[in-house]
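Contents: one structure, followed by commentary.
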Amino acid sequence: MGAGPVGLAAAAHLLERGLDVVVYEAGPSVGTAVRAWGHTRLFSPWQYVIDPAARRLLGPAGWTEPRPSSLPTGHDLVAQYLEPLAATPPLASVIRYGTWIDAVSRQGMDRTRSTGRADTPFLLRLRSGDTTNTVTARAVIDASGTYTTPNPLTAAGLEPTGMLGTRITSALPDVLGADRARFAEKRVLVVGAGHSAANTLIKLAALAKEAPGTEVLWAIRNPGTARLGTDAADGLAARGQLGSTVHGLVESGQVQQIASYEIDDVRADGDQVTVTGRRAGEPFAVTVDVIVNATGFR
């Protein structure tokens, strides 16, 4: 399930072992989810990205491997690795694009039956366009990813009660490119304490220099950001640099951090949104133009 870097690597290993495999991809091409954040540069160099079985498939196709120590963007990952990999004859014949998997069960097994369940084939309900059908499988690997299922903004894990429309964006928007107009000269709140949040905050700070009037706020649930290590504390230099840079932006005042903030709800407030909750146990609210949900994925 999923024709991204994990799904294609799993398929390469299965094919290498002589096992029958089919890859179902909901999107029209490989790496659909990766393309959504393709402008973002990975903090893992190529040497940690390319799977060994995938490399062995690519070798006979005359593929030129990227420099191991360089850092790809998401678009690089698709163009220089996933697309050539999907085009190799062994994989090209087993990938089914535009196929959504609605459900996975066991053949003839509802939720109340368990006898012999482990030896019963899986049953997948597939949807492609207006057509729905079922297929069986010996095993199922879910490599569909989590980018399309972000954690909700609120501390309780509930969706906001208000209709927010375009006032809220998913993680890793293209702040300096395609999405620039959504953020320039706006009051922006980034919610989340991880590397996706840091990446966006850094780009928003750069945008604020180009577009005066852009204000950058950063809401985190805990008192600090332990997950965002600095250069010396991180085994991946580029990931450590993210932490060092964003901490520097907070110290310089370019990013206003709102720590110990637990969000209870988000509601539309005219053209803006008001975020209500508790900061260190006390009622707190902030009104902004747009929110970036970088609270993680599940």
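To be explicit about the labels: the chains of the structure tokens are called A, B, and onward in the order shown, and within each one the residues are counted from 1, while ligands get numbers from 1 in the order they are shown.
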
(message) I'd like the neighbourhood of A:Thr120 as a list in words, where a residue qualifies if any of its atoms comes within 8 Å (using only C-alpha atoms), though same-chain residues fewer than 4 positions away should be ignored.
(response)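 In the requested format, the answer is Arg106, Gln107 and Gly116 of chain A.
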
Take the residues just selected and output them with all heavy atoms as a PDB file, in the first residue's frame.
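Heads up, here's the output in selection_7.pdb:
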ATOM      1  N   ARG A 106     -10.012 -10.018   6.610  1.00  0.00           N
ATOM      2  CA  ARG A 106      -9.646 -11.395   6.296  1.00  0.00           C
ATOM      3  C   ARG A 106     -10.827 -12.047   5.584  1.00  0.00           C
ATOM      4  O   ARG A 106     -11.983 -11.818   5.949  1.00  0.00           O
ATOM      5  CB  ARG A 106      -9.333 -12.177   7.570  1.00  0.00           C
ATOM      6  CG  ARG A 106      -8.092 -11.706   8.312  1.00  0.00           C
ATOM      7  CD  ARG A 106      -6.835 -12.350   7.776  1.00  0.00           C
ATOM      8  NE  ARG A 106      -5.689 -12.068   8.642  1.00  0.00           N
ATOM      9  CZ  ARG A 106      -4.495 -12.628   8.510  1.00  0.00           C
ATOM     10  NH1 ARG A 106      -4.276 -13.499   7.543  1.00  0.00           N
ATOM     11  NH2 ARG A 106      -3.512 -12.323   9.322  1.00  0.00           N
ATOM     12  N   GLN A 107     -10.540 -12.853   4.601  1.00  0.00           N
ATOM     13  CA  GLN A 107     -11.599 -13.460   3.804  1.00  0.00           C
ATOM     14  C   GLN A 107     -12.525 -14.322   4.680  1.00  0.00           C
ATOM     15  O   GLN A 107     -12.075 -15.263   5.341  1.00  0.00           O
ATOM     16  CB  GLN A 107     -10.990 -14.316   2.690  1.00  0.00           C
ATOM     17  CG  GLN A 107     -11.979 -14.756   1.639  1.00  0.00           C
ATOM     18  CD  GLN A 107     -11.280 -15.445   0.491  1.00  0.00           C
ATOM     19  OE1 GLN A 107     -10.376 -16.258   0.703  1.00  0.00           O
ATOM     20  NE2 GLN A 107     -11.653 -15.112  -0.735  1.00  0.00           N
ATOM     21  N   GLY A 116      -8.528 -19.850  13.217  1.00  0.00           N
ATOM     22  CA  GLY A 116      -7.880 -19.971  11.913  1.00  0.00           C
ATOM     23  C   GLY A 116      -7.599 -18.655  11.222  1.00  0.00           C
ATOM     24  O   GLY A 116      -7.227 -18.639  10.038  1.00  0.00           O
TER      25      GLY A 116
END

(message) as an NGL selection string, please: every residue in stretch 114-290 of chain A that DSSP puts in helix (DSSP H, G or I).
(response) :A and (117-119 or 165-167 or 180-183 or 195-210 or 231-233 or 237-252)

(message) Set the distance at 10 Å and use only C-alpha atoms: which residues neighbour stretch 78-93 of chain A once local chain neighbours fewer than 3 positions away are removed? I'd like the list as a ChimeraX atom specification.
(response) /A:3-5,8-9,11-12,15-16,21-23,29-32,34-35,38,46,49-50,54-55,57-66,72-75,96

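Between atom CA of A:Ala156 and atom CA of A:Leu201 lies a distance of 24.2 Å.
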
(message) My list of candidates is A:Gly108, A:Pro52, A:Gly162, A:Gly240. Which is closest to A:Thr274 when distances are computed with only C-alpha atoms?
(response)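 Checking each candidate against A:Thr274, we get A:Gly162 as the closest.
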
Contacts of A:Trp218 at 9 Å (only C-alpha atoms; same-chain gap of 2+ positions) as a JSON list (two decimals) with N, CA, C and O atoms, in the first residue's frame:
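Final file, result-v2.json:
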[["chain", "number", "residue", "atom", "x", "y", "z"],
["A", 188, "VAL", "N", 1.07, 34.94, 11.46],
["A", 188, "VAL", "CA", 1.04, 33.50, 11.26],
["A", 188, "VAL", "C", 1.39, 32.78, 12.56],
["A", 188, "VAL", "O", 2.36, 33.13, 13.23],
["A", 189, "LEU", "N", 0.60, 31.77, 12.88],
["A", 189, "LEU", "CA", 0.87, 30.93, 14.06],
["A", 189, "LEU", "C", 1.24, 29.53, 13.58],
["A", 189, "LEU", "O", 0.47, 28.87, 12.89],
["A", 190, "VAL", "N", 2.44, 29.09, 13.96],
["A", 190, "VAL", "CA", 2.87, 27.72, 13.69],
["A", 190, "VAL", "C", 2.69, 26.92, 14.98],
["A", 190, "VAL", "O", 3.18, 27.31, 16.04],
["A", 191, "VAL", "N", 1.99, 25.79, 14.89],
["A", 191, "VAL", "CA", 1.73, 24.96, 16.06],
["A", 191, "VAL", "C", 2.49, 23.66, 15.91],
["A", 191, "VAL", "O", 2.33, 22.95, 14.91],
["A", 192, "GLY", "N", 3.34, 23.33, 16.89],
["A", 192, "GLY", "CA", 4.11, 22.10, 16.84],
["A", 192, "GLY", "C", 5.54, 22.32, 17.28],
["A", 192, "GLY", "O", 6.10, 23.40, 17.08],
["A", 193, "ALA", "N", 6.14, 21.28, 17.87],
["A", 193, "ALA", "CA", 7.48, 21.42, 18.45],
["A", 193, "ALA", "C", 8.53, 20.57, 17.76],
["A", 193, "ALA", "O", 9.60, 20.35, 18.31],
["A", 197, "ALA", "N", 7.81, 21.94, 12.08],
["A", 197, "ALA", "CA", 7.55, 23.29, 12.56],
["A", 197, "ALA", "C", 8.78, 24.17, 12.40],
["A", 197, "ALA", "O", 8.69, 25.31, 11.93],
["A", 201, "LEU", "N", 9.13, 27.67, 10.34],
["A", 201, "LEU", "CA", 9.47, 28.90, 11.06],
["A", 201, "LEU", "C", 10.67, 29.60, 10.43],
["A", 201, "LEU", "O", 10.69, 30.83, 10.31],
["A", 216, "VAL", "N", 5.52, 36.29, 13.01],
["A", 216, "VAL", "CA", 5.65, 34.85, 13.17],
["A", 216, "VAL", "C", 5.52, 34.48, 14.65],
["A", 216, "VAL", "O", 6.32, 34.90, 15.49],
["A", 220, "ILE", "N", 3.85, 25.99, 21.34],
["A", 220, "ILE", "CA", 4.26, 24.64, 21.72],
["A", 220, "ILE", "C", 3.57, 24.27, 23.03],
["A", 220, "ILE", "O", 3.29, 25.12, 23.87],
["A", 255, "VAL", "N", 11.02, 35.30, 15.96],
["A", 255, "VAL", "CA", 9.91, 34.37, 16.18],
["A", 255, "VAL", "C", 9.46, 34.52, 17.62],
["A", 255, "VAL", "O", 10.29, 34.46, 18.55],
["A", 256, "GLN", "N", 8.17, 34.74, 17.83],
["A", 256, "GLN", "CA", 7.62, 34.89, 19.17],
["A", 256, "GLN", "C", 7.09, 33.53, 19.63],
["A", 256, "GLN", "O", 6.10, 33.02, 19.11],
["A", 257, "GLN", "N", 7.78, 32.95, 20.60],
["A", 257, "GLN", "CA", 7.39, 31.62, 21.07],
["A", 257, "GLN", "C", 6.34, 31.72, 22.19],
["A", 257, "GLN", "O", 6.49, 32.51, 23.13],
["A", 258, "ILE", "N", 5.29, 30.93, 22.06],
["A", 258, "ILE", "CA", 4.25, 30.83, 23.09],
["A", 258, "ILE", "C", 4.34, 29.43, 23.67],
["A", 258, "ILE", "O", 3.78, 28.47, 23.13],
["A", 259, "ALA", "N", 5.08, 29.29, 24.77],
["A", 259, "ALA", "CA", 5.33, 27.98, 25.36],
["A", 259, "ALA", "C", 4.24, 27.61, 26.37],
["A", 259, "ALA", "O", 3.46, 28.46, 26.81]]

(request) Would you list, as number ranges by chain, the residues of stretch 7-244 of chain A that end up in strand (DSSP E) under DSSP run on this structure's backbone? (result) A: 23-24, 95-96, 100-106, 122-128, 131-137, 168-169, 187-191, 215-219

(message) I need the residue nearest A:Ala238 from this list: A:Arg111, A:His195, A:Lys186, A:Arg117. Use only C-alpha atoms for the distance.
(response)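 Nearest candidate to A:Ala238 out of A:Arg111, A:His195, A:Lys186, A:Arg117: A:His195.
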
Using only C-alpha atoms, what table do you get, as a Markdown table, when you list each residue of stretch 131-225 of chain A with an atom no more than 12 Å from stretch 243-250 of chain A, its nearest pair of atoms, and their distance in Å rounded to one decimal, rows by chain then rising number?
| residue | atom | partner | partner_atom | distance |
| --- | --- | --- | --- | --- |
| A:Ala193 | CA | A:Gly243 | CA | 10.3 |
| A:Gly194 | CA | A:Gly243 | CA | 9.1 |
| A:His195 | CA | A:Gly243 | CA | 7.7 |
| A:Ser196 | CA | A:Gly243 | CA | 10.8 |
| A:Ala197 | CA | A:Val246 | CA | 9.4 |
| A:Ala198 | CA | A:Val246 | CA | 5.9 |
| A:Asn199 | CA | A:Val246 | CA | 8.2 |
| A:Thr200 | CA | A:Val246 | CA | 9.6 |
| A:Leu201 | CA | A:Val246 | CA | 7.0 |
| A:Ile202 | CA | A:Val246 | CA | 6.2 |
| A:Lys203 | CA | A:Val246 | CA | 10.0 |
| A:Leu204 | CA | A:Leu249 | CA | 10.6 |
| A:Ala205 | CA | A:Leu249 | CA | 7.7 |
| A:Ala206 | CA | A:Leu249 | CA | 10.3 |
| A:Ala208 | CA | A:Leu249 | CA | 11.8 |
| A:Val216 | CA | A:Val250 | CA | 10.0 |
| A:Leu217 | CA | A:Val250 | CA | 9.6 |
| A:Trp218 | CA | A:Val250 | CA | 9.0 |
| A:Ala219 | CA | A:Val250 | CA | 11.8 |
| A:Gly224 | CA | A:His247 | CA | 10.5 |
| A:Thr225 | CA | A:Gly243 | CA | 9.0 |
